[in-house]
$ cat coords_9.tsv   # TSV, C-alpha atoms and all ligand atoms
chain	number	residue	atom	x	y	z
A	1	MET	CA	79.88	176.44	-73.37
A	2	THR	CA	78.17	179.64	-74.48
A	3	ILE	CA	75.09	180.83	-72.67
A	4	LYS	CA	72.16	181.77	-74.86
A	5	ILE	CA	70.25	184.70	-73.38
A	6	THR	CA	66.57	185.35	-74.04
A	7	LYS	CA	65.38	188.42	-72.20
A	8	THR	CA	61.87	188.76	-70.92
A	9	THR	CA	59.52	191.01	-72.83
A	10	HIS	CA	57.45	191.50	-69.67
A	11	PRO	CA	59.77	192.61	-66.87
A	12	ALA	CA	57.99	192.50	-63.53
A	13	ALA	CA	57.75	195.52	-61.26
A	14	LYS	CA	60.41	195.43	-58.52
A	15	PRO	CA	58.97	195.22	-55.02
A	16	ALA	CA	58.31	198.75	-53.84
A	17	ASP	CA	58.50	198.02	-50.11
A	18	GLU	CA	61.63	196.05	-49.26
A	19	SER	CA	60.51	195.62	-45.67
A	20	LYS	CA	57.80	193.23	-46.94
A	21	LEU	CA	60.06	190.98	-49.03
A	22	GLY	CA	60.06	188.02	-46.66
A	23	PHE	CA	61.96	184.97	-47.85
A	24	GLY	CA	61.70	183.12	-51.16
A	25	LYS	CA	58.33	184.48	-52.20
A	26	ILE	CA	59.11	186.60	-55.21
A	27	PHE	CA	61.48	185.89	-58.05
A	28	THR	CA	63.47	187.91	-60.53
A	29	ASP	CA	62.79	188.21	-64.27
A	30	HIS	CA	65.18	185.48	-65.42
A	31	MET	CA	66.50	182.04	-64.57
A	32	PHE	CA	69.35	179.89	-65.74
A	33	THR	CA	68.80	176.42	-67.13
A	34	MET	CA	70.86	173.69	-68.77
A	35	GLU	CA	70.41	170.02	-69.56
A	36	TRP	CA	72.53	166.94	-69.21
A	37	THR	CA	72.15	163.70	-71.06
A	38	LYS	CA	74.25	160.62	-70.63
A	39	GLY	CA	76.83	160.46	-73.37
A	40	GLU	CA	76.38	164.09	-74.36
A	41	GLY	CA	77.03	165.78	-71.01
A	42	TRP	CA	75.82	169.30	-70.24
A	43	HIS	CA	74.33	171.32	-73.09
A	44	ASP	CA	71.79	174.02	-73.91
A	45	ALA	CA	72.93	176.49	-71.27
A	46	GLU	CA	70.41	179.30	-71.35
A	47	ILE	CA	69.16	182.28	-69.44
A	48	VAL	CA	65.44	182.49	-70.06
A	49	PRO	CA	62.50	184.46	-68.67
A	50	PHE	CA	61.47	183.15	-65.25
A	51	GLY	CA	58.50	180.83	-65.60
A	52	ASN	CA	56.94	177.49	-64.83
A	53	LEU	CA	58.65	174.29	-65.83
A	54	SER	CA	57.01	171.73	-68.02
A	55	ILE	CA	57.74	168.29	-66.66
A	56	HIS	CA	56.74	164.77	-67.65
A	57	PRO	CA	54.46	163.15	-65.04
A	58	ALA	CA	56.85	160.18	-64.80
A	59	SER	CA	59.90	162.42	-64.26
A	60	THR	CA	62.34	160.74	-61.86
A	61	VAL	CA	62.44	163.66	-59.45
A	62	LEU	CA	58.69	163.49	-58.83
A	63	HIS	CA	58.80	159.85	-57.81
A	64	TYR	CA	62.23	159.15	-56.37
A	65	GLY	CA	63.42	162.48	-55.05
A	66	THR	CA	66.52	162.81	-57.21
A	67	GLU	CA	67.04	166.45	-56.30
A	68	ILE	CA	69.91	168.46	-54.86
A	69	PHE	CA	70.14	172.17	-54.20
A	70	GLU	CA	72.27	174.99	-52.92
A	71	GLY	CA	71.54	178.24	-51.13
A	72	LEU	CA	73.66	181.38	-51.18
A	73	LYS	CA	73.15	185.11	-51.31
A	74	ALA	CA	74.23	188.12	-53.35
A	75	TYR	CA	74.80	191.20	-51.25
A	76	ARG	CA	74.91	194.85	-52.21
A	77	ALA	CA	78.13	195.85	-50.50
A	78	VAL	CA	78.61	199.31	-49.00
A	79	ASP	CA	80.92	200.26	-51.91
A	80	GLY	CA	78.10	199.59	-54.40
A	81	ARG	CA	79.44	196.29	-55.71
A	82	ILE	CA	77.27	193.19	-55.81
A	83	VAL	CA	79.16	190.37	-54.13
A	84	LEU	CA	78.81	186.69	-53.26
A	85	PHE	CA	80.20	184.91	-50.22
A	86	ARG	CA	82.44	181.91	-50.98
A	87	PRO	CA	80.32	180.73	-53.96
A	88	GLN	CA	83.04	178.26	-54.98
A	89	GLU	CA	82.23	176.34	-51.80
A	90	ASN	CA	78.58	176.03	-52.83
A	91	PHE	CA	79.38	174.51	-56.21
A	92	ALA	CA	81.99	172.19	-54.70
A	93	ARG	CA	79.37	171.01	-52.19
A	94	MET	CA	76.76	170.63	-54.93
A	95	ASN	CA	79.11	168.29	-56.74
A	96	ARG	CA	79.57	166.25	-53.57
A	97	SER	CA	75.78	166.09	-53.17
A	98	ALA	CA	75.50	165.04	-56.83
A	99	VAL	CA	77.80	162.08	-56.24
A	100	ARG	CA	75.58	160.85	-53.40
A	101	LEU	CA	72.37	161.14	-55.46
A	102	GLY	CA	73.82	159.65	-58.65
A	103	LEU	CA	73.56	162.97	-60.47
A	104	PRO	CA	76.23	164.36	-62.83
A	105	GLN	CA	79.06	166.71	-61.93
A	106	LEU	CA	78.87	170.40	-62.76
A	107	ASP	CA	81.82	172.27	-64.18
A	108	GLU	CA	82.21	174.44	-61.08
A	109	ALA	CA	83.88	177.34	-62.88
A	110	PHE	CA	81.17	177.36	-65.52
A	111	ALA	CA	78.40	177.17	-62.91
A	112	LEU	CA	79.87	180.24	-61.21
A	113	GLU	CA	80.19	182.05	-64.54
A	114	ALA	CA	76.57	181.27	-65.39
A	115	LEU	CA	75.42	182.49	-61.98
A	116	THR	CA	77.41	185.70	-62.44
A	117	GLU	CA	75.79	186.29	-65.86
A	118	LEU	CA	72.33	185.73	-64.41
A	119	ILE	CA	72.88	188.09	-61.50
A	120	LYS	CA	74.29	190.76	-63.80
A	121	LEU	CA	71.18	190.55	-65.96
A	122	ASP	CA	68.88	190.82	-62.92
A	123	ALA	CA	71.16	193.14	-60.93
A	124	ASP	CA	68.39	195.69	-60.37
A	125	TRP	CA	66.60	193.02	-58.33
A	126	VAL	CA	69.30	192.91	-55.65
A	127	PRO	CA	67.57	194.81	-52.86
A	128	HIS	CA	69.13	197.87	-51.24
A	129	GLY	CA	67.76	197.84	-47.70
A	130	GLU	CA	69.85	197.08	-44.64
A	131	GLY	CA	70.19	193.32	-44.22
A	132	THR	CA	68.39	192.48	-47.47
A	133	SER	CA	69.94	190.24	-50.11
A	134	LEU	CA	69.26	188.32	-53.28
A	135	TYR	CA	68.81	184.69	-52.30
A	136	ILE	CA	70.19	182.30	-54.92
A	137	ARG	CA	68.82	178.80	-55.34
A	138	PRO	CA	70.69	176.50	-57.75
A	139	PHE	CA	69.10	173.05	-58.05
A	140	MET	CA	69.47	169.89	-60.08
A	141	ILE	CA	66.85	167.27	-60.83
A	142	GLY	CA	66.79	163.83	-62.38
A	143	ASP	CA	64.35	164.04	-65.28
A	144	ASP	CA	64.10	160.67	-66.97
A	145	GLU	CA	60.65	160.16	-68.39
A	146	HIS	CA	59.93	156.63	-67.20
A	147	LEU	CA	59.30	154.98	-63.86
A	148	GLY	CA	62.26	152.60	-63.48
A	149	VAL	CA	64.64	153.34	-60.60
A	150	HIS	CA	68.16	153.84	-61.93
A	151	GLY	CA	70.94	156.36	-62.27
A	152	ALA	CA	69.79	159.46	-64.11
A	153	THR	CA	70.36	159.65	-67.85
A	154	HIS	CA	68.59	162.99	-68.30
A	155	VAL	CA	69.13	165.78	-65.80
A	156	ARG	CA	68.25	169.46	-65.58
A	157	TYR	CA	69.97	172.21	-63.67
A	158	TYR	CA	68.43	175.56	-62.80
A	159	VAL	CA	69.25	178.71	-60.90
A	160	ILE	CA	66.48	180.96	-59.63
A	161	LEU	CA	66.89	184.22	-57.71
A	162	SER	CA	64.69	185.65	-54.99
A	163	PRO	CA	65.09	189.10	-53.43
A	164	SER	CA	64.72	188.49	-49.73
A	165	GLY	CA	64.21	190.64	-46.68
A	166	SER	CA	66.43	191.06	-43.69
A	167	TYR	CA	66.39	187.92	-41.56
A	168	TYR	CA	66.56	190.12	-38.51
A	169	ALA	CA	64.21	192.94	-39.46
A	170	GLU	CA	63.10	193.10	-35.81
A	171	GLY	CA	66.61	192.74	-34.39
A	172	ILE	CA	68.42	189.55	-33.44
A	173	ASP	CA	66.05	187.63	-31.25
A	174	PRO	CA	67.18	184.34	-29.73
A	175	VAL	CA	65.09	181.34	-30.79
A	176	ASP	CA	63.74	178.48	-28.75
A	177	ILE	CA	64.55	175.04	-30.08
A	178	MET	CA	63.34	171.59	-29.16
A	179	ILE	CA	65.34	168.40	-29.03
A	180	GLU	CA	63.66	165.93	-31.37
A	181	ASP	CA	63.56	162.50	-29.78
A	182	GLU	CA	61.20	160.65	-32.12
A	183	ASP	CA	62.05	161.26	-35.76
A	184	VAL	CA	65.61	161.24	-37.03
A	185	ARG	CA	66.91	163.31	-39.89
A	186	ALA	CA	69.80	161.26	-41.18
A	187	VAL	CA	72.11	158.36	-40.52
A	188	ARG	CA	75.68	157.80	-41.55
A	189	GLY	CA	75.71	156.32	-45.04
A	190	GLY	CA	72.40	158.03	-45.79
A	191	THR	CA	72.00	161.43	-47.41
A	192	GLY	CA	72.53	163.68	-44.37
A	193	GLU	CA	75.69	165.26	-45.70
A	194	ALA	CA	74.15	165.93	-49.11
A	195	LYS	CA	72.04	169.03	-49.59
A	196	CYS	CA	69.05	167.23	-51.04
A	197	GLY	CA	65.33	167.82	-50.94
A	198	GLY	CA	64.67	164.41	-49.42
A	199	ASN	CA	66.32	165.38	-46.14
A	200	TYR	CA	63.84	168.19	-45.82
A	201	GLY	CA	60.81	166.13	-46.79
A	202	ALA	CA	61.65	163.77	-43.94
A	203	SER	CA	62.00	166.63	-41.46
A	204	VAL	CA	58.69	168.38	-42.01
A	205	ARG	CA	56.71	166.38	-39.45
A	206	ALA	CA	59.13	167.09	-36.61
A	207	GLY	CA	59.25	170.75	-37.59
A	208	ASP	CA	55.46	170.97	-37.51
A	209	ARG	CA	55.31	169.30	-34.09
A	210	ALA	CA	57.91	171.71	-32.72
A	211	ALA	CA	56.08	174.69	-34.20
A	212	ALA	CA	52.81	173.55	-32.61
A	213	LYS	CA	54.56	173.70	-29.24
A	214	GLY	CA	55.96	177.13	-29.96
A	215	TYR	CA	59.51	176.18	-30.96
A	216	ALA	CA	61.25	177.72	-33.94
A	217	GLN	CA	63.22	174.63	-34.96
A	218	VAL	CA	64.17	171.15	-33.86
A	219	LEU	CA	67.62	170.06	-32.83
A	220	TRP	CA	68.30	166.63	-34.32
A	221	LEU	CA	70.05	163.84	-32.51
A	222	ASP	CA	72.09	161.15	-34.25
A	223	GLY	CA	69.90	158.57	-35.93
A	224	VAL	CA	71.44	155.48	-34.33
A	225	GLU	CA	71.98	156.04	-30.62
A	226	ARG	CA	69.90	159.21	-30.36
A	227	LYS	CA	72.46	160.48	-27.89
A	228	TYR	CA	74.59	162.90	-29.85
A	229	ILE	CA	73.76	166.37	-31.12
A	230	GLU	CA	73.72	166.73	-34.90
A	231	GLU	CA	72.26	169.99	-36.25
A	232	VAL	CA	69.21	172.23	-36.41
A	233	GLY	CA	66.64	172.13	-39.26
A	234	SER	CA	68.60	174.16	-41.79
A	235	MET	CA	71.54	175.26	-39.69
A	236	ASN	CA	74.56	173.76	-38.02
A	237	ILE	CA	74.80	174.20	-34.27
A	238	MET	CA	77.59	175.51	-32.06
A	239	PHE	CA	77.98	175.83	-28.32
A	240	LYS	CA	80.30	177.66	-26.02
A	241	ILE	CA	80.93	175.36	-23.09
A	242	ALA	CA	83.25	176.53	-20.29
A	243	GLY	CA	84.90	179.05	-22.57
A	244	THR	CA	85.47	176.78	-25.59
A	245	VAL	CA	83.47	176.77	-28.79
A	246	CYS	CA	82.47	173.29	-29.87
A	247	THR	CA	80.35	171.89	-32.67
A	248	PRO	CA	79.43	168.39	-33.77
A	249	ALA	CA	82.09	166.82	-36.01
A	250	LEU	CA	81.14	166.10	-39.63
A	251	THR	CA	80.60	162.39	-39.28
A	252	GLY	CA	78.60	161.83	-42.47
A	253	SER	CA	75.07	162.59	-41.29
A	254	ILE	CA	75.53	166.35	-40.85
A	255	LEU	CA	75.41	168.94	-43.60
A	256	PRO	CA	78.84	170.56	-43.96
A	257	GLY	CA	77.77	174.19	-43.73
A	258	ILE	CA	79.82	176.95	-45.29
A	259	THR	CA	78.87	179.28	-42.44
A	260	ARG	CA	80.04	176.61	-40.00
A	261	LYS	CA	83.33	176.28	-41.85
A	262	SER	CA	83.79	180.07	-42.01
A	263	ILE	CA	83.19	180.49	-38.28
A	264	ILE	CA	85.67	177.74	-37.46
A	265	GLU	CA	88.27	179.30	-39.75
A	266	LEU	CA	87.62	182.74	-38.29
A	267	LEU	CA	87.95	181.62	-34.67
A	268	ARG	CA	91.03	179.50	-35.34
A	269	SER	CA	92.71	182.39	-37.18
A	270	GLU	CA	92.35	184.36	-33.96
A	271	GLY	CA	93.95	181.56	-32.00
A	272	ALA	CA	90.70	180.51	-30.37
A	273	PRO	CA	90.35	176.74	-30.12
A	274	VAL	CA	87.28	175.16	-31.74
A	275	GLU	CA	86.45	171.59	-30.98
A	276	GLU	CA	84.78	169.50	-33.70
A	277	ARG	CA	83.72	166.42	-31.83
A	278	ARG	CA	80.83	164.31	-30.65
A	279	ILE	CA	78.66	166.26	-28.20
A	280	SER	CA	76.19	164.18	-26.28
A	281	LEU	CA	72.83	165.45	-25.13
A	282	ASP	CA	73.83	164.37	-21.60
A	283	GLU	CA	76.91	166.59	-21.74
A	284	LEU	CA	74.81	169.50	-22.94
A	285	ILE	CA	72.23	169.08	-20.19
A	286	ALA	CA	74.95	168.80	-17.55
A	287	ALA	CA	76.56	171.97	-18.89
A	288	ALA	CA	73.20	173.76	-18.90
A	289	GLN	CA	72.63	172.68	-15.29
A	290	ASP	CA	76.03	173.66	-13.93
A	291	GLY	CA	76.10	176.94	-15.82
A	292	THR	CA	78.98	176.15	-18.18
A	293	LEU	CA	76.74	176.18	-21.27
A	294	GLU	CA	77.46	179.82	-21.91
A	295	GLU	CA	76.16	180.29	-25.45
A	296	ALA	CA	74.48	178.34	-28.22
A	297	TRP	CA	73.80	179.41	-31.79
A	298	GLY	CA	72.74	177.98	-35.10
A	299	CYS	CA	74.68	178.97	-38.21
A	300	GLY	CA	73.71	178.94	-41.87
A	301	THR	CA	73.48	181.20	-44.89
A	302	ALA	CA	69.95	182.44	-44.20
A	303	ALA	CA	70.42	183.67	-40.62
A	304	VAL	CA	74.24	183.78	-40.56
A	305	VAL	CA	74.05	183.12	-36.83
A	306	SER	CA	70.90	182.55	-34.82
A	307	PRO	CA	71.29	182.62	-31.05
A	308	VAL	CA	69.47	179.93	-29.09
A	309	GLY	CA	67.66	181.33	-26.07
A	310	ARG	CA	66.02	178.18	-24.78
A	311	LEU	CA	66.53	174.49	-25.31
A	312	ALA	CA	63.64	172.13	-24.61
A	313	VAL	CA	64.43	168.52	-23.71
A	314	GLY	CA	61.17	166.71	-23.13
A	315	ASP	CA	59.37	168.69	-20.40
A	316	LYS	CA	62.51	170.44	-19.24
A	317	ILE	CA	63.47	173.85	-20.55
A	318	TYR	CA	67.00	175.16	-20.22
A	319	GLU	CA	67.63	178.84	-20.67
A	320	ILE	CA	70.96	179.84	-22.20
A	321	ASN	CA	72.69	183.13	-21.33
A	322	GLY	CA	69.47	184.41	-19.74
A	323	GLY	CA	67.67	183.97	-23.07
A	324	LYS	CA	69.82	186.68	-24.63
A	325	ILE	CA	72.38	186.71	-27.43
A	326	GLY	CA	75.86	186.08	-26.02
A	327	PRO	CA	79.03	188.06	-26.78
A	328	VAL	CA	80.68	185.43	-29.02
A	329	THR	CA	77.47	184.94	-31.02
A	330	GLN	CA	77.13	188.70	-31.48
A	331	ARG	CA	80.76	189.11	-32.48
A	332	LEU	CA	80.57	186.30	-35.04
A	333	TYR	CA	77.44	187.83	-36.51
A	334	ASP	CA	79.08	191.26	-36.74
A	335	GLU	CA	82.27	189.87	-38.26
A	336	LEU	CA	80.64	187.64	-40.88
A	337	THR	CA	77.99	190.14	-41.96
A	338	GLY	CA	80.69	192.83	-41.88
A	339	ILE	CA	82.73	190.87	-44.41
A	340	GLN	CA	79.66	190.04	-46.50
A	341	TRP	CA	78.51	193.65	-46.78
A	342	GLY	CA	82.04	194.97	-47.28
A	343	LYS	CA	82.09	196.81	-43.96
A	344	ARG	CA	85.03	194.81	-42.64
A	345	GLU	CA	88.28	193.72	-44.18
A	346	ASP	CA	88.02	190.48	-46.17
A	347	LYS	CA	91.21	188.94	-44.82
A	348	PHE	CA	90.41	185.49	-46.13
A	349	GLY	CA	89.39	186.43	-49.68
A	350	TRP	CA	85.86	185.12	-49.13
A	351	VAL	CA	84.08	187.84	-51.06
A	352	TYR	CA	83.52	187.26	-54.78
A	353	PRO	CA	82.49	190.34	-56.77
A	354	VAL	CA	79.79	189.92	-59.44
A	355	LYS	CA	79.88	193.52	-60.60
B	1	LIG	C1	72.22	174.41	-46.04
B	1	LIG	C2	72.18	173.74	-44.73
B	1	LIG	C3	72.96	174.16	-43.63
B	1	LIG	C4	73.80	175.41	-43.64
B	1	LIG	O1	74.77	175.46	-44.62
B	1	LIG	P1	75.38	176.86	-45.09
B	1	LIG	O2	76.30	176.48	-46.17
B	1	LIG	O3	76.07	177.45	-43.93
B	1	LIG	O4	74.24	177.71	-45.54
B	1	LIG	C5	72.93	173.40	-42.48
B	1	LIG	N1	72.14	172.31	-42.36
B	1	LIG	C6	71.37	171.90	-43.40
B	1	LIG	C7	70.53	170.69	-43.22
B	1	LIG	C8	71.35	172.60	-44.60
B	1	LIG	O5	70.57	172.17	-45.60
$ encode --input "coords_9.tsv" --output "structure tokens"
Amino acid sequence: MTIKITKTTHPAAKPADESKLGFGKIFTDHMFTMEWTKGEGWHDAEIVPFGNLSIHPASTVLHYGTEIFEGLKAYRAVDGRIVLFRPQENFARMNRSAVRLGLPQLDEAFALEALTELIKLDADWVPHGEGTSLYIRPFMIGDDEHLGVHGATHVRYYVILSPSGSYYAEGIDPVDIMIEDEDVRAVRGGTGEAKCGGNYGASVRAGDRAAAKGYAQVLWLDGVERKYIEEVGSMNIMFKIAGTVCTPALTGSILPGITRKSIIELLRSEGAPVEERRISLDELIAAAQDGTLEEAWGCGTAAVVSPVGRLAVGDKIYEINGGKIGPVTQRLYDELTGIQWGKREDKFGWVYPVK
């Protein structure tokens, strides 16, 4: 499929002060779009000036949440190249999410090619500052223009780009997280392992409650027994218990994070064991009490790793590693960001150059 390119006649001014970028607030000059119709498949691949969408008020996505998305970043590497981190994984995951939501499959190679074209066109928007990146948001919506609930017959796919600031502009500061014991995020057989908007819609209330108590995020428990650790709001979770790194197994209700996968591959390549298994809240509390809970961190594209300083379970607060980032967390952060910014050898071939 060829990509029709229509350049903007009104390029926006690039942000002058990269320290004020924040996350997901400003967008580049262009976006990618294509359409899918049943029978015809994907067509009308285009790069167009960034702008509002026009959508029918009965559009499926507005009523039934037929939406999936991805999140990845383009980095300006130290050698001047613009690179992505394992983008093939994002499109493979998007196709798995699409299956769950009854949305069509992307041609993964074409999706990557289209993304590359878009980034090349808006390359000047990739910020230069330490820790900054161009956040990439591909998303797909069901867009049938009538109210019946059914598999999508008309779908749209978009990619938008947002120059974003350093997640750790003030240095890596451990976060406090709260165990959520009322709402649940996902159950097996539901949409927990799909990256879909609906999972987030259902998590907003718990997030707001945690924020009101001064916690950065909630840590979700399994939706059935409410005994086992699942993941944080938009990150997977890992612990170091008595010297061994462990993380909840992907049982169907947890998002299979690419950062999670990369950390596991990295540690195992060094011969360090990583346990993917069920981790109960009871086990975690016992480990916190007897001092064997040595480190805890969230992991995801946005933060890479985010050390957990305190864990709140009801009225009890457990401090981890004295509320400071631990050595394994720090090393994983240094190694992953080192690969992403081209400061460390890319032994695994994870870096994908755009230009
Ligand atoms: C995207 C996401 C993650 C992290 O995945 P990465 O591929 O590492 O960015 C974890 N949990 C949820 C719920 C997510 O949506």
$ residues_near_ligand --input "coords_9.tsv" --ligand "ligand LIG 1 (chain B)" --cutoff "7 Å" --atoms "only C-alpha atoms and all ligand atoms" --output "mmCIF file with C-alpha atoms, keeping the file's coordinate frame"
data_model
loop_
_atom_site.group_PDB
_atom_site.id
_atom_site.type_symbol
_atom_site.label_atom_id
_atom_site.label_comp_id
_atom_site.auth_asym_id
_atom_site.auth_seq_id
_atom_site.Cartn_x
_atom_site.Cartn_y
_atom_site.Cartn_z
ATOM 1 C CA GLU A 70 72.270 174.990 -52.920
ATOM 2 C CA GLY A 71 71.540 178.240 -51.130
ATOM 3 C CA LEU A 72 73.660 181.380 -51.180
ATOM 4 C CA LYS A 195 72.040 169.030 -49.590
ATOM 5 C CA GLU A 231 72.260 169.990 -36.250
ATOM 6 C CA VAL A 232 69.210 172.230 -36.410
ATOM 7 C CA GLY A 233 66.640 172.130 -39.260
ATOM 8 C CA SER A 234 68.600 174.160 -41.790
ATOM 9 C CA MET A 235 71.540 175.260 -39.690
ATOM 10 C CA ASN A 236 74.560 173.760 -38.020
ATOM 11 C CA LEU A 255 75.410 168.940 -43.600
ATOM 12 C CA PRO A 256 78.840 170.560 -43.960
ATOM 13 C CA GLY A 257 77.770 174.190 -43.730
ATOM 14 C CA ILE A 258 79.820 176.950 -45.290
ATOM 15 C CA THR A 259 78.870 179.280 -42.440
ATOM 16 C CA ARG A 260 80.040 176.610 -40.000
ATOM 17 C CA CYS A 299 74.680 178.970 -38.210
ATOM 18 C CA GLY A 300 73.710 178.940 -41.870
ATOM 19 C CA THR A 301 73.480 181.200 -44.890
ATOM 20 C CA ALA A 302 69.950 182.440 -44.200
#
$ residues_around --input "coords_9.tsv" --residues "Pro163 (chain A)" --least-positions-apart "2" --cutoff "7 Å" --atoms "only C-alpha atoms" --output "count of residues only"
11
$ closest_residue --input "coords_9.tsv" --among "A:Thr292, A:Thr8, A:Thr251, A:Ser162" --to "Arg278 (chain A)" --atoms "only C-alpha atoms"
A:Thr251
$ atom_distance --input "coords_9.tsv" --atom1 "CA of Val313 (chain A)" --atom2 "CA of Pro327 (chain A)"
24.6 Å
$ axis_aligned_box --input "coords_9.tsv" --around "region 314-332 of chain A" --padding-each-side "6 Å" --output "AutoDock Vina command-line options"
--center_x 70.1 --center_y 177.9 --center_z -27.1 --size_x 33.4 --size_y 34.4 --size_z 27.8
$ residues_around --input "coords_9.tsv" --residues "Lys261 (chain A)" --least-positions-apart "5" --cutoff "12 Å" --atoms "all atoms listed in the file" --output "list in words"
Arg86, Glu89, Asn90, Asn236, Ile237, Met238, Thr247, Pro248, Ala249, Leu250, Leu255, Pro256, Leu266, Leu267, Arg268, Val274, Glu276, Cys299, Gly300, Thr301, Val304, Leu336 and Trp350 of chain A
$ build_atoms --input "coords_9.tsv" --residues "region 54-60 of chain A" --atoms "all heavy atoms" --output "PDB file, keeping the file's coordinate frame"
ATOM      1  N   SER A  54      57.884 172.754 -67.501  1.00  0.00           N
ATOM      2  CA  SER A  54      57.010 171.730 -68.020  1.00  0.00           C
ATOM      3  C   SER A  54      57.710 170.403 -67.766  1.00  0.00           C
ATOM      4  O   SER A  54      58.859 170.214 -68.166  1.00  0.00           O
ATOM      5  CB  SER A  54      56.793 171.951 -69.516  1.00  0.00           C
ATOM      6  OG  SER A  54      56.113 170.842 -70.047  1.00  0.00           O
ATOM      7  N   ILE A  55      57.054 169.511 -67.073  1.00  0.00           N
ATOM      8  CA  ILE A  55      57.740 168.290 -66.660  1.00  0.00           C
ATOM      9  C   ILE A  55      56.851 167.074 -66.916  1.00  0.00           C
ATOM     10  O   ILE A  55      55.636 167.131 -66.745  1.00  0.00           O
ATOM     11  CB  ILE A  55      58.169 168.441 -65.172  1.00  0.00           C
ATOM     12  CG1 ILE A  55      59.227 167.417 -64.790  1.00  0.00           C
ATOM     13  CG2 ILE A  55      56.995 168.417 -64.230  1.00  0.00           C
ATOM     14  CD1 ILE A  55      59.939 167.790 -63.500  1.00  0.00           C
ATOM     15  N   HIS A  56      57.479 166.002 -67.363  1.00  0.00           N
ATOM     16  CA  HIS A  56      56.740 164.770 -67.650  1.00  0.00           C
ATOM     17  C   HIS A  56      56.219 164.175 -66.335  1.00  0.00           C
ATOM     18  O   HIS A  56      56.955 164.151 -65.344  1.00  0.00           O
ATOM     19  CB  HIS A  56      57.713 163.787 -68.327  1.00  0.00           C
ATOM     20  CG  HIS A  56      57.042 162.600 -68.920  1.00  0.00           C
ATOM     21  ND1 HIS A  56      56.648 161.515 -68.184  1.00  0.00           N
ATOM     22  CD2 HIS A  56      56.701 162.325 -70.207  1.00  0.00           C
ATOM     23  CE1 HIS A  56      56.094 160.623 -68.975  1.00  0.00           C
ATOM     24  NE2 HIS A  56      56.120 161.092 -70.223  1.00  0.00           N
ATOM     25  N   PRO A  57      54.999 163.692 -66.314  1.00  0.00           N
ATOM     26  CA  PRO A  57      54.460 163.150 -65.040  1.00  0.00           C
ATOM     27  C   PRO A  57      55.258 161.977 -64.484  1.00  0.00           C
ATOM     28  O   PRO A  57      55.167 161.695 -63.286  1.00  0.00           O
ATOM     29  CB  PRO A  57      53.038 162.721 -65.409  1.00  0.00           C
ATOM     30  CG  PRO A  57      52.681 163.561 -66.582  1.00  0.00           C
ATOM     31  CD  PRO A  57      53.962 163.749 -67.360  1.00  0.00           C
ATOM     32  N   ALA A  58      56.030 161.304 -65.308  1.00  0.00           N
ATOM     33  CA  ALA A  58      56.850 160.180 -64.800  1.00  0.00           C
ATOM     34  C   ALA A  58      58.257 160.628 -64.431  1.00  0.00           C
ATOM     35  O   ALA A  58      59.087 159.796 -64.056  1.00  0.00           O
ATOM     36  CB  ALA A  58      56.914 159.072 -65.855  1.00  0.00           C
ATOM     37  N   SER A  59      58.539 161.928 -64.514  1.00  0.00           N
ATOM     38  CA  SER A  59      59.900 162.420 -64.260  1.00  0.00           C
ATOM     39  C   SER A  59      60.462 161.869 -62.950  1.00  0.00           C
ATOM     40  O   SER A  59      59.796 161.892 -61.913  1.00  0.00           O
ATOM     41  CB  SER A  59      59.886 163.948 -64.236  1.00  0.00           C
ATOM     42  OG  SER A  59      61.165 164.416 -63.879  1.00  0.00           O
ATOM     43  N   THR A  60      61.694 161.394 -63.002  1.00  0.00           N
ATOM     44  CA  THR A  60      62.340 160.740 -61.860  1.00  0.00           C
ATOM     45  C   THR A  60      62.223 161.545 -60.564  1.00  0.00           C
ATOM     46  O   THR A  60      61.971 160.993 -59.494  1.00  0.00           O
ATOM     47  CB  THR A  60      63.845 160.554 -62.151  1.00  0.00           C
ATOM     48  OG1 THR A  60      64.041 160.428 -63.541  1.00  0.00           O
ATOM     49  CG2 THR A  60      64.397 159.359 -61.414  1.00  0.00           C
TER      50      THR A  60
END
